[in-house]
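So this one's my_file-v4.txt, compact mmCIF, C-alpha atoms and all ligand atoms:
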```txt
# COMPACT_ATOMS: atom_id res chain seq x y z
CA MET Y 5 75.00 60.10 133.42
CA ASN Y 6 78.38 58.84 132.47
CA LYS Y 7 81.42 60.48 134.12
CA LYS Y 8 82.81 61.05 130.61
CA VAL Y 9 80.07 63.64 130.07
CA ARG Y 10 82.10 66.14 132.03
CA ASP Y 11 85.10 65.76 129.71
CA HIS Y 12 83.06 67.43 126.98
CA PHE Y 13 82.99 70.70 128.94
CA PRO Y 14 86.35 72.55 129.07
CA SER Y 15 85.09 74.96 131.75
CA LEU Y 16 84.41 72.13 134.20
CA SER Y 17 88.13 71.55 134.66
CA ARG Y 18 88.83 75.23 135.27
CA LYS Y 19 90.27 75.80 138.71
CA HIS Y 20 89.87 78.82 140.95
CA ASN Y 21 91.95 78.96 144.12
CA LYS Y 22 93.15 75.45 143.27
CA THR Y 23 89.67 73.87 143.28
CA GLU Y 24 87.20 73.15 140.52
CA LEU Y 25 84.04 75.22 140.41
CA ILE Y 26 80.61 73.72 141.06
CA PHE Y 27 78.22 75.18 138.50
CA LEU Y 28 74.71 75.37 139.94
CA ASP Y 29 73.97 78.45 137.83
CA GLY Y 30 72.53 76.53 134.86
CA PRO Y 31 69.13 78.29 134.98
CA ALA Y 32 70.99 81.51 134.10
CA GLY Y 33 72.94 79.74 131.33
CA THR Y 34 74.66 76.37 131.13
CA GLN Y 35 78.29 75.60 130.42
CA VAL Y 36 79.15 74.90 126.79
CA PRO Y 37 80.66 71.67 125.42
CA LYS Y 38 83.76 71.71 123.22
CA VAL Y 39 81.86 70.53 120.13
CA VAL Y 40 79.74 73.68 120.34
CA ILE Y 41 82.76 75.95 120.86
CA ASP Y 42 84.53 74.23 117.93
CA SER Y 43 81.54 74.61 115.63
CA ILE Y 44 81.49 78.38 116.26
CA SER Y 45 85.21 78.67 115.67
CA SER Y 46 85.03 76.46 112.59
CA TYR Y 47 82.34 78.67 111.05
CA TYR Y 48 84.66 81.68 111.32
CA GLN Y 49 87.60 79.68 110.01
CA LYS Y 50 85.82 78.21 106.99
CA SER Y 51 82.45 79.66 106.06
CA ASN Y 52 82.24 83.22 107.34
CA ALA Y 53 80.04 85.25 104.98
CA ASN Y 54 76.74 87.01 104.69
CA SER Y 55 73.76 85.07 103.39
CA HIS Y 56 72.09 84.72 99.97
CA GLY Y 57 75.10 85.15 97.68
CA GLN Y 58 76.57 83.19 94.80
CA PHE Y 59 79.90 82.02 96.21
CA ILE Y 60 80.85 79.04 98.34
CA THR Y 61 81.03 80.58 101.84
CA THR Y 62 77.70 82.41 101.54
CA GLN Y 63 76.08 79.24 100.23
CA GLU Y 64 77.53 77.26 103.13
CA THR Y 65 76.10 79.89 105.48
CA ASP Y 66 72.62 79.54 103.95
CA LYS Y 67 72.84 75.77 104.23
CA LEU Y 68 73.95 75.94 107.84
CA ILE Y 69 71.06 78.23 108.86
CA ALA Y 70 68.51 76.06 107.04
CA ALA Y 71 69.93 72.89 108.63
CA THR Y 72 69.82 74.48 112.08
CA ARG Y 73 66.15 75.43 111.66
CA ILE Y 74 65.42 71.78 110.83
CA ASN Y 75 67.43 70.54 113.82
CA VAL Y 76 65.61 72.96 116.16
CA ALA Y 77 62.30 71.78 114.70
CA LYS Y 78 63.28 68.21 115.62
CA PHE Y 79 64.24 69.31 119.13
CA LEU Y 80 60.84 70.97 119.60
CA GLY Y 81 58.75 68.40 117.75
CA ALA Y 82 57.71 71.02 115.15
CA LYS Y 83 56.63 70.21 111.58
CA GLY Y 84 59.72 71.70 110.00
CA GLY Y 85 62.34 74.43 109.75
CA HIS Y 86 59.79 76.81 108.22
CA GLU Y 87 58.29 77.20 111.72
CA ILE Y 88 61.59 78.24 113.35
CA SER Y 89 62.94 81.81 113.54
CA PHE Y 90 66.10 83.08 115.18
CA GLY Y 91 66.78 86.27 117.10
CA GLN Y 92 69.13 87.94 119.53
CA ASN Y 93 67.51 86.33 122.58
CA MET Y 94 64.07 85.31 123.80
CA THR Y 95 63.23 88.75 125.22
CA THR Y 96 63.91 90.57 121.96
CA LEU Y 97 61.92 88.03 119.91
CA ASN Y 98 59.00 88.25 122.32
CA PHE Y 99 58.97 92.07 122.12
CA SER Y 100 58.95 91.82 118.30
CA LEU Y 101 56.14 89.29 118.41
CA ALA Y 102 54.14 91.38 120.89
CA ARG Y 103 54.48 94.48 118.69
CA ALA Y 104 53.28 92.51 115.67
CA ILE Y 105 50.40 90.81 117.49
CA GLY Y 106 49.44 94.15 119.05
CA ARG Y 107 48.80 95.54 115.54
CA THR Y 108 46.23 92.80 114.94
CA LEU Y 109 44.27 93.48 118.15
CA ARG Y 110 41.63 96.05 118.94
CA PRO Y 111 41.10 98.15 122.08
CA GLY Y 112 39.29 96.01 124.66
CA ASP Y 113 40.85 92.76 123.45
CA GLU Y 114 42.48 90.87 126.31
CA ILE Y 115 45.74 89.04 126.91
CA LEU Y 116 46.39 86.82 129.91
CA ILE Y 117 49.85 86.58 131.46
CA THR Y 118 50.86 84.98 134.77
CA GLN Y 119 52.32 86.13 138.07
CA LEU Y 120 54.80 83.26 137.90
CA ASP Y 121 56.42 84.10 134.58
CA HIS Y 122 59.83 85.61 133.92
CA GLU Y 123 59.45 89.30 133.08
CA ALA Y 124 60.42 88.50 129.46
CA ASN Y 125 56.99 86.90 129.07
CA ARG Y 126 55.16 89.69 130.88
CA GLY Y 127 56.79 93.01 129.92
CA PRO Y 128 56.26 92.71 126.14
CA TRP Y 129 52.55 91.97 126.68
CA LEU Y 130 52.11 94.61 129.37
CA SER Y 131 53.50 97.15 126.89
CA LEU Y 132 50.39 96.58 124.75
CA GLN Y 133 48.33 98.35 127.40
CA GLU Y 134 49.28 101.59 125.63
CA LEU Y 135 47.12 100.34 122.72
CA ASP Y 136 44.22 99.90 125.18
CA ILE Y 137 44.64 96.13 125.17
CA THR Y 138 43.61 94.73 128.58
CA VAL Y 139 46.32 92.60 130.15
CA ARG Y 140 45.26 90.43 133.09
CA GLU Y 141 47.47 88.20 135.18
CA ILE Y 142 46.77 84.69 136.44
CA ASN Y 143 47.36 84.53 140.18
CA LEU Y 144 50.14 82.56 141.81
CA ASN Y 145 49.34 80.49 144.90
CA PRO Y 146 51.72 80.59 147.91
CA ASN Y 147 52.74 76.96 147.10
CA GLY Y 148 54.32 78.14 143.83
CA LEU Y 149 51.56 76.72 141.61
CA LEU Y 150 49.34 78.79 139.36
CA ASP Y 151 45.72 79.27 140.38
CA TYR Y 152 43.89 77.51 137.54
CA LYS Y 153 40.49 78.53 138.93
CA ASP Y 154 41.64 82.13 138.56
CA LEU Y 155 42.64 81.37 134.97
CA GLU Y 156 39.16 80.01 134.27
CA ARG Y 157 37.61 83.09 135.87
CA LYS Y 158 39.72 85.48 133.80
CA LEU Y 159 39.40 83.74 130.42
CA ASN Y 160 36.51 85.19 128.44
CA GLU Y 161 35.37 85.76 124.87
CA ARG Y 162 37.60 88.87 124.61
CA THR Y 163 40.76 86.89 125.50
CA LYS Y 164 42.89 86.59 122.37
CA LEU Y 165 46.11 85.18 123.78
CA VAL Y 166 47.39 83.40 126.89
CA CYS Y 167 51.14 83.81 127.52
CA ILE Y 168 52.46 81.26 129.96
CA GLY Y 169 55.76 79.66 130.93
CA TRP Y 170 56.26 75.90 130.63
CA ALA Y 171 58.49 75.82 133.72
CA SER Y 172 59.35 78.50 136.22
CA ASN Y 173 62.97 79.63 136.49
CA ILE Y 174 62.51 80.42 140.19
CA THR Y 175 60.30 77.70 141.68
CA GLY Y 176 60.83 74.90 139.13
CA THR Y 177 57.03 74.60 138.81
CA VAL Y 178 55.92 72.89 135.61
CA ASN Y 179 52.65 74.47 134.53
CA GLU Y 180 49.68 72.39 133.40
CA LEU Y 181 49.75 73.47 129.79
CA LYS Y 182 47.48 70.73 128.49
CA LYS Y 183 44.75 72.00 130.78
CA VAL Y 184 45.42 75.60 129.70
CA ARG Y 185 45.35 74.61 126.04
CA LYS Y 186 41.95 72.92 126.44
CA LEU Y 187 40.51 76.05 128.03
CA THR Y 188 41.95 78.36 125.36
CA TYR Y 189 40.59 76.16 122.55
CA LYS Y 190 37.08 76.57 124.02
CA ILE Y 191 37.14 80.34 123.52
CA GLY Y 192 39.40 80.42 120.46
CA ALA Y 193 42.35 82.13 122.19
CA LYS Y 194 45.91 81.47 121.11
CA MET Y 195 48.54 80.08 123.47
CA LEU Y 196 52.15 81.27 123.66
CA VAL Y 197 54.65 79.30 125.73
CA ASP Y 198 57.90 80.49 127.28
CA ALA Y 199 59.98 77.30 127.26
CA VAL Y 200 63.29 78.98 128.11
CA HIS Y 201 63.59 77.21 131.44
CA TYR Y 202 61.89 73.97 130.42
CA ALA Y 203 63.87 73.31 127.22
CA ALA Y 204 67.09 72.18 128.91
CA HIS Y 205 65.38 69.67 131.15
CA ILE Y 206 62.34 67.93 129.70
CA SER Y 207 61.38 66.67 126.25
CA MET Y 208 59.14 69.01 124.26
CA ASP Y 209 56.54 68.31 121.59
CA VAL Y 210 54.92 71.45 120.26
CA LYS Y 211 52.62 69.53 117.90
CA ASN Y 212 51.29 67.40 120.71
CA LEU Y 213 50.94 70.39 123.02
CA GLY Y 214 49.18 72.35 120.29
CA CYS Y 215 50.71 75.70 121.25
CA ASP Y 216 50.68 78.51 118.69
CA TYR Y 217 53.99 80.09 119.66
CA LEU Y 218 56.90 78.87 121.77
CA LEU Y 219 60.12 80.63 122.64
CA CYS Y 220 63.39 79.36 124.01
CA SER Y 221 67.03 80.38 124.21
CA ALA Y 222 69.97 78.16 123.25
CA TYR Y 223 72.32 79.37 125.98
CA LYS Y 224 70.14 77.55 128.52
CA PHE Y 225 70.68 74.22 126.75
CA TYR Y 226 74.45 74.08 126.17
CA GLY Y 227 74.48 76.44 123.19
CA PRO Y 228 75.39 80.08 122.55
CA HIS Y 229 73.23 83.19 123.00
CA VAL Y 230 70.56 82.82 120.32
CA GLY Y 231 66.82 83.28 120.80
CA ILE Y 232 64.45 80.83 119.10
CA LEU Y 233 60.83 81.27 118.11
CA TYR Y 234 58.49 78.50 117.03
CA ALA Y 235 55.40 79.85 115.28
CA LYS Y 236 52.90 77.26 114.13
CA GLU Y 237 52.70 76.98 110.33
CA GLY Y 238 50.69 79.83 108.85
CA LEU Y 239 50.68 82.13 111.90
CA LEU Y 240 53.79 84.26 111.43
CA ASP Y 241 52.83 84.96 107.81
CA GLN Y 242 49.69 86.71 109.05
CA LEU Y 243 51.56 89.04 111.40
CA PRO Y 244 52.64 92.57 110.45
CA THR Y 245 56.13 92.29 111.96
CA ASP Y 246 58.66 95.13 111.92
CA ARG Y 247 60.64 94.50 108.76
CA LEU Y 248 62.47 96.24 105.99
CA ARG Y 249 61.25 96.34 102.41
CA THR Y 250 64.42 94.42 101.55
CA ALA Y 251 63.75 91.60 104.01
CA ASP Y 252 62.10 88.30 103.16
CA GLN Y 253 58.42 88.97 103.91
CA HIS Y 254 57.55 85.37 104.77
CA ALA Y 255 57.87 83.00 107.72
CA PRO Y 256 60.20 82.09 109.26
CA TYR Y 257 62.28 85.11 108.09
CA SER Y 258 59.74 87.91 108.51
CA ILE Y 259 60.50 88.43 112.21
CA GLU Y 260 64.30 88.24 111.75
CA THR Y 261 65.75 91.72 111.42
CA GLY Y 262 69.18 92.41 109.93
CA THR Y 263 71.99 89.88 109.81
CA LEU Y 264 71.72 86.90 112.11
CA ASN Y 265 74.56 85.68 114.31
CA HIS Y 266 75.63 82.93 111.90
CA ALA Y 267 78.47 81.58 114.01
CA ALA Y 268 76.22 81.30 117.04
CA ILE Y 269 73.61 79.53 114.89
CA ALA Y 270 76.32 76.98 114.02
CA GLY Y 271 76.67 76.56 117.78
CA VAL Y 272 72.91 76.00 118.22
CA ASN Y 273 73.06 73.20 115.64
CA ALA Y 274 76.00 71.60 117.45
CA ALA Y 275 74.29 71.95 120.86
CA ILE Y 276 71.25 70.02 119.62
CA ASP Y 277 73.49 67.34 118.09
CA PHE Y 278 75.35 67.17 121.41
CA ILE Y 279 72.09 66.63 123.32
CA SER Y 280 71.07 63.90 120.86
CA THR Y 281 74.17 61.87 121.80
CA PHE Y 282 72.51 61.13 125.16
CA GLY Y 283 69.70 59.25 123.44
CA LYS Y 284 69.10 56.32 121.16
CA GLY Y 285 67.00 55.89 118.05
CA LYS Y 286 67.13 55.63 114.33
CA ASP Y 287 66.35 59.25 113.58
CA GLN Y 288 67.25 62.59 115.16
CA ARG Y 289 63.80 63.26 116.67
CA THR Y 290 63.68 59.85 118.39
CA LYS Y 291 67.24 60.32 119.65
CA LEU Y 292 66.45 63.77 121.02
CA LYS Y 293 63.31 62.56 122.78
CA SER Y 294 65.13 59.66 124.38
CA ALA Y 295 68.08 61.93 125.29
CA MET Y 296 65.78 64.33 127.11
CA VAL Y 297 64.21 61.45 129.04
CA ASN Y 298 67.69 60.35 130.18
CA ILE Y 299 68.74 63.90 131.04
CA ALA Y 300 65.51 64.49 132.98
CA ARG Y 301 65.98 61.29 134.99
CA HIS Y 302 69.56 62.19 135.96
CA GLU Y 303 68.73 65.80 136.83
CA HIS Y 304 65.56 65.02 138.75
CA GLN Y 305 67.17 62.56 141.16
CA LEU Y 306 70.05 64.98 141.89
CA ALA Y 307 67.70 67.92 142.36
CA LYS Y 308 65.61 65.83 144.75
CA LYS Y 309 68.75 65.02 146.79
CA LEU Y 310 69.74 68.67 146.93
CA TYR Y 311 66.20 69.73 147.85
CA THR Y 312 65.99 67.13 150.65
CA GLY Y 313 69.42 68.09 151.98
CA ILE Y 314 68.73 71.82 152.07
CA LYS Y 315 65.23 71.38 153.50
CA LYS Y 316 66.76 69.69 156.58
CA ILE Y 317 68.78 72.79 157.48
CA ARG Y 318 67.10 74.53 160.37
CA GLY Y 319 65.32 77.79 159.49
CA VAL Y 320 65.39 77.24 155.72
CA LYS Y 321 62.19 77.61 153.75
CA MET Y 322 62.05 75.90 150.36
CA ILE Y 323 60.11 77.85 147.71
CA GLY Y 324 57.75 76.12 145.28
CA PRO Y 325 56.66 72.52 144.84
CA ASP Y 326 58.57 69.57 146.36
CA PHE Y 327 60.01 66.70 144.34
CA SER Y 328 57.25 64.14 144.93
CA SER Y 329 56.17 64.55 141.31
CA THR Y 330 58.49 64.15 138.32
CA GLU Y 331 56.61 67.04 136.72
CA ARG Y 332 59.15 69.42 138.22
CA ALA Y 333 62.16 71.22 136.74
CA PRO Y 334 65.45 70.49 138.57
CA THR Y 335 65.73 74.04 139.88
CA LEU Y 336 65.15 75.03 143.47
CA SER Y 337 65.08 78.20 145.50
CA PHE Y 338 65.14 78.80 149.22
CA TYR Y 339 65.02 81.53 151.82
CA THR Y 340 66.29 81.85 155.35
CA PRO Y 341 66.02 84.84 157.66
CA LYS Y 342 69.55 84.08 158.94
CA LEU Y 343 71.32 85.54 155.91
CA THR Y 344 70.26 87.37 152.77
CA ALA Y 345 70.48 85.54 149.44
CA THR Y 346 73.38 87.80 148.47
CA GLU Y 347 75.24 86.88 151.67
CA ILE Y 348 74.60 83.17 151.05
CA CYS Y 349 75.78 83.33 147.43
CA THR Y 350 78.87 85.33 148.44
CA ALA Y 351 79.73 82.67 151.02
CA LEU Y 352 79.08 79.91 148.44
CA ALA Y 353 81.30 81.71 145.93
CA LYS Y 354 84.16 81.61 148.43
CA GLU Y 355 83.77 77.83 148.35
CA ASN Y 356 83.74 77.85 144.52
CA ILE Y 357 80.02 77.11 144.32
CA CYS Y 358 78.22 79.18 141.68
CA ALA Y 359 74.61 79.97 142.63
CA TRP Y 360 72.33 82.95 142.01
CA ASP Y 361 70.71 85.36 144.44
CA GLY Y 362 67.75 87.68 143.88
CA HIS Y 363 64.64 87.42 141.70
CA PHE Y 364 66.17 86.19 138.39
CA TYR Y 365 63.74 88.47 136.50
CA ALA Y 366 60.84 86.38 137.89
CA ILE Y 367 60.29 89.60 139.80
CA ARG Y 368 56.49 89.41 140.03
CA ALA Y 369 56.61 85.87 141.49
CA THR Y 370 59.27 86.97 144.00
CA GLU Y 371 57.08 89.91 144.97
CA ILE Y 372 53.87 87.84 145.26
CA LEU Y 373 55.64 85.14 147.32
CA GLY Y 374 56.87 87.89 149.66
CA TYR Y 375 60.64 87.78 149.11
CA LEU Y 376 61.28 90.82 146.96
CA ASP Y 377 61.78 93.25 149.83
CA ARG Y 378 63.80 90.64 151.73
CA GLY Y 379 66.59 90.49 149.16
CA GLY Y 380 65.09 87.68 147.10
CA VAL Y 381 65.98 84.01 147.32
CA THR Y 382 68.92 81.71 146.61
CA ARG Y 383 68.56 79.57 143.47
CA MET Y 384 70.40 76.42 142.45
CA GLY Y 385 69.91 74.47 139.26
CA ILE Y 386 71.00 71.02 138.15
CA SER Y 387 72.43 70.47 134.67
CA LEU Y 388 73.40 67.28 132.86
CA TYR Y 389 77.00 67.67 134.05
CA THR Y 390 76.12 67.97 137.77
CA THR Y 391 77.40 65.09 139.93
CA THR Y 392 76.31 63.42 143.18
CA ASP Y 393 79.60 64.54 144.79
CA GLU Y 394 78.88 68.15 143.92
CA ILE Y 395 75.45 67.90 145.53
CA ALA Y 396 76.92 66.34 148.69
CA ARG Y 397 79.57 69.08 148.89
CA THR Y 398 77.02 71.84 148.35
CA ILE Y 399 74.79 70.51 151.15
CA LYS Y 400 77.81 70.30 153.46
CA VAL Y 401 78.92 73.85 152.67
CA LEU Y 402 75.38 75.20 153.11
CA ASN Y 403 75.14 73.50 156.49
CA LYS Y 404 78.36 75.24 157.49
CA ILE Y 405 77.22 78.65 156.20
CA LEU Y 406 73.76 78.46 157.76
CA LYS Y 407 74.52 76.70 161.04
C1 LIG Y 501 61.98 81.42 132.03
C2 LIG Y 501 62.74 82.45 131.25
N1 LIG Y 501 62.13 83.13 130.29
C3 LIG Y 501 62.76 84.06 129.55
C4 LIG Y 501 64.08 84.35 129.77
C5 LIG Y 501 64.74 85.39 128.92
O1 LIG Y 501 65.58 84.79 127.98
P1 LIG Y 501 66.65 85.62 127.18
O2 LIG Y 501 67.80 85.86 128.09
O3 LIG Y 501 67.00 84.75 126.02
O4 LIG Y 501 66.00 86.88 126.74
C6 LIG Y 501 64.78 83.67 130.77
C7 LIG Y 501 66.17 84.01 131.07
O5 LIG Y 501 66.65 83.82 132.17
C8 LIG Y 501 64.09 82.69 131.53
O6 LIG Y 501 64.70 82.00 132.50
```
Could I get this structure in the form of structure tokens?
Ligand SMILES: Cc1ncc(COP(=O)(O)O)c(C=O)c1O
Amino acid sequence: MNKKVRDHFPSLSRKHNKTELIFLDGPAGTQVPKVVIDSISSYYQKSNANSHGQFITTQETDKLIAATRINVAKFLGAKGGHEISFGQNMTTLNFSLARAIGRTLRPGDEILITQLDHEANRGPWLSLQELDITVREINLNPNGLLDYKDLERKLNERTKLVCIGWASNITGTVNELKKVRKLTYKIGAKMLVDAVHYAAHISMDVKNLGCDYLLCSAYKFYGPHVGILYAKEGLLDQLPTDRLRTADQHAPYSIETGTLNHAAIAGVNAAIDFISTFGKGKDQRTKLKSAMVNIARHEHQLAKKLYTGIKKIRGVKMIGPDFSSTERAPTLSFYTPKLTATEICTALAKENICAWDGHFYAIRATEILGYLDRGGVTRMGISLYTTTDEIARTIKVLNKILK
């Protein structure tokens, strides 16, 4: 990545105690480039209005939302904007989807979730147990990989839906979704993917993957707080979502309640355009695909360096898969009995290094891996603006803290 990349992000030049901050907190939300901030501000300055009216600003608002759906579709490899819905965040959209899907199921129907997933892709489905829907969970192995044999054992003719993350926000594990998709096709179950962690790091192609639903959140990929739902053409229209009589009853609108955050949607559009500038190609989809390949390459090699550096510190246990495969998100977590994760992150904060401690809502995985009652783990994530110098400094500081 070019050094100039960092100039796009105003927050990267912010100083605290006379030093710049090192942002390794990307998995909880990335920093935001100026073009995205400007697009939000510009919306309020020029086009602020509600939708579906007759005058210029409302018509500009409608156009902006439609254009953003198309841009998101290109980012995800979807057929078109008609498959893209917006919401407050991923969790809220997933709860809405679960409520709607729940109304189409019968007692005894089954849903499979995983022990590795963020609670946002577990809780909404677990809540359907009150309708006598059976919710089973796919086991997590101690190495941070899902137990696919367990998945095969638990899939059966009653399974209607498998809800699985594309990448874990705690271990960086990339799940084998192609394999899962094949198995679900065999029994006619649908597949829902939580791509919140994956979206910032690796190119996505929902058509090629064949998933039925996919959710992500723009604040994890350089945008503002907006949740995004992809629902394969024809699916959302069949769902009895919570909606007002006055709302548009069709996809992609039928799951969107009330007024959307128009200014933030302007920011989502700008964030995707910003990502596309890292790639080459004659159309937006090709540019986005090539951009994500470049971003992945940069992030992977830095994450590998950080992983190798931390692993060498005596008494530190790395959580999840190593970096021998490129099928790995650039996010890593570790544990040491010397200090709790909170103590480590407090010490890092004193050195202006931003990292997260705890379970990051991947609470079931933290519990299964045995760290929940030990204060959780320390997590660091690489973003496109992370530099080799920052990684070297982080390893040095960690060596000092944990010596
Ligand atoms: C993997 C994963 N899934 C879901 C979520 C929830 O996303 P949101 O904050 O948009 O509800 C997060 C947020 O951290 C996440 O990392």
Using only C-alpha atoms, which residues sit within 7 Å of range 309-314 of chain Y once same-chain residues fewer than 5 positions away are excluded, as a list in words?
-> Leu336, Ile395 and Ile399 of chain Y
Suppose we keep C-alpha atoms; can you now write the selection as an mmCIF file, in the frame of the given file?
```cif
data_model
loop_
_atom_site.group_PDB
_atom_site.id
_atom_site.type_symbol
_atom_site.label_atom_id
_atom_site.label_comp_id
_atom_site.auth_asym_id
_atom_site.auth_seq_id
_atom_site.Cartn_x
_atom_site.Cartn_y
_atom_site.Cartn_z
ATOM 1 C CA LEU Y 336 65.150 75.030 143.470
ATOM 2 C CA ILE Y 395 75.450 67.900 145.530
ATOM 3 C CA ILE Y 399 74.790 70.510 151.150
#
```
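Straight-line separation from CA of Met195 in chain Y to CA of Leu218 in chain Y: 8.6 Å.
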Would you mind listing what lies within 8 Å of Asp154 in chain Y as a VMD selection string, with only C-alpha atoms counted and same-chain residues fewer than 3 positions away left out?
-> chain Y and resid 142 to 143 151 157 to 158
Would you mind listing the residues within 6 Å of ligand LIG 501 (chain Y), counting all atoms listed in the file, as an MDAnalysis selection string?
-> chainID Y and resid 32 93:95 122 124 172:173 198 200:201 221 231
Shell of 9 Å around Ile372 in chain Y, all atoms listed in the file, local chain residues under 2 positions omitted, as a ChimeraX atom specification | /Y:119-120,143-146,367-370,374-376
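Neighbours of Phe27 in chain Y closer than or equal to 9 Å, with all atoms listed in the file counted and sequence neighbours fewer than 3 positions away skipped, come out as Leu16, Gly30, Thr34, Gln35, Asn356, Ile357, Cys358, Ala359, Met384, Gly385, Ile386, Ser387, Tyr389, Thr390 and Glu394 of chain Y.
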Output file for the selection above: C-alpha atoms, as a compact mmCIF listing (two decimals), keeping the file's coordinate frame:
```txt
# COMPACT_ATOMS: atom_id res chain seq x y z
CA LEU Y 16 84.41 72.13 134.20
CA GLY Y 30 72.53 76.53 134.86
CA THR Y 34 74.66 76.37 131.13
CA GLN Y 35 78.29 75.60 130.42
CA ASN Y 356 83.74 77.85 144.52
CA ILE Y 357 80.02 77.11 144.32
CA CYS Y 358 78.22 79.18 141.68
CA ALA Y 359 74.61 79.97 142.63
CA MET Y 384 70.40 76.42 142.45
CA GLY Y 385 69.91 74.47 139.26
CA ILE Y 386 71.00 71.02 138.15
CA SER Y 387 72.43 70.47 134.67
CA TYR Y 389 77.00 67.67 134.05
CA THR Y 390 76.12 67.97 137.77
CA GLU Y 394 78.88 68.15 143.92
```
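Among the candidates Y:His266, Y:Gln92, Y:Gly285, Y:Ala275, the one nearest to Thr62 in chain Y when counting all atoms listed in the file is Y:His266.
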Scan for residues within 8 Å of the point (63.7, 69.6, 119.4) in the coordinates of the file, using all atoms listed in the file, and reply as a PDB file with C-alpha atoms, keeping the file's coordinate frame.
```
ATOM      1  CA  ASN Y  75      67.430  70.540 113.820  1.00  0.00           C
ATOM      2  CA  VAL Y  76      65.610  72.960 116.160  1.00  0.00           C
ATOM      3  CA  ALA Y  77      62.300  71.780 114.700  1.00  0.00           C
ATOM      4  CA  LYS Y  78      63.280  68.210 115.620  1.00  0.00           C
ATOM      5  CA  PHE Y  79      64.240  69.310 119.130  1.00  0.00           C
ATOM      6  CA  LEU Y  80      60.840  70.970 119.600  1.00  0.00           C
ATOM      7  CA  GLY Y  81      58.750  68.400 117.750  1.00  0.00           C
ATOM      8  CA  ALA Y  82      57.710  71.020 115.150  1.00  0.00           C
ATOM      9  CA  SER Y 207      61.380  66.670 126.250  1.00  0.00           C
ATOM     10  CA  MET Y 208      59.140  69.010 124.260  1.00  0.00           C
ATOM     11  CA  ASP Y 209      56.540  68.310 121.590  1.00  0.00           C
ATOM     12  CA  ILE Y 276      71.250  70.020 119.620  1.00  0.00           C
ATOM     13  CA  ARG Y 289      63.800  63.260 116.670  1.00  0.00           C
ATOM     14  CA  LEU Y 292      66.450  63.770 121.020  1.00  0.00           C
ATOM     15  CA  LYS Y 293      63.310  62.560 122.780  1.00  0.00           C
TER      16      LYS Y 293
END
```
Of the candidates Y:Ile206, Y:Ser328, Y:Thr335, Y:Phe99, which one gets nearest to Ser294 in chain Y if we count only C-alpha atoms?
-> Y:Ile206
Skip Leu155 in chain Y itself and residues of its chain fewer than 6 positions away, then list as a VMD selection string all residues within 10 Å of it, counting only C-alpha atoms.
-> chain Y and resid 116 to 118 140 to 143 166 184 187
Could you check which of Y:Gly271, Y:Gly324, Y:Pro256, Y:Gly127 is closest to Pro228 in chain Y, using all atoms listed in the file?
-> Y:Gly271
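Counting all atoms listed in the file and comparing Y:Gln242, Y:Thr72, Y:Asn298, Y:Thr23, the residue that lies closest to Phe90 in chain Y is Y:Thr72.
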When you draw a straight line from CA of Lys183 in chain Y to CA of Arg73 in chain Y, how long is it in Å?
-> 28.9 Å
Box centre and edge lengths (Å, one decimal), axis-aligned, range 62-70 of chain Y plus 4 Å each side, as lines of an AutoDock Vina configuration file:
```
center_x = 73.1
center_y = 79.1
center_z = 104.5
size_x = 17.2
size_y = 14.6
size_z = 16.6
```
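When CA of Met322 in chain Y is paired with CA of Ile299 in chain Y, their separation reads 23.7 Å.
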Distance query 8 Å from (57.5, 90.9, 123.0) using all atoms listed in the file, result as an mmCIF file with C-alpha atoms, in the coordinates of the input:
```
data_model
loop_
_atom_site.group_PDB
_atom_site.id
_atom_site.type_symbol
_atom_site.label_atom_id
_atom_site.label_comp_id
_atom_site.auth_asym_id
_atom_site.auth_seq_id
_atom_site.Cartn_x
_atom_site.Cartn_y
_atom_site.Cartn_z
ATOM 1 C CA THR Y 95 63.230 88.750 125.220
ATOM 2 C CA THR Y 96 63.910 90.570 121.960
ATOM 3 C CA LEU Y 97 61.920 88.030 119.910
ATOM 4 C CA ASN Y 98 59.000 88.250 122.320
ATOM 5 C CA PHE Y 99 58.970 92.070 122.120
ATOM 6 C CA SER Y 100 58.950 91.820 118.300
ATOM 7 C CA LEU Y 101 56.140 89.290 118.410
ATOM 8 C CA ALA Y 102 54.140 91.380 120.890
ATOM 9 C CA ARG Y 103 54.480 94.480 118.690
ATOM 10 C CA ALA Y 124 60.420 88.500 129.460
ATOM 11 C CA ASN Y 125 56.990 86.900 129.070
ATOM 12 C CA GLY Y 127 56.790 93.010 129.920
ATOM 13 C CA PRO Y 128 56.260 92.710 126.140
ATOM 14 C CA TRP Y 129 52.550 91.970 126.680
#
```
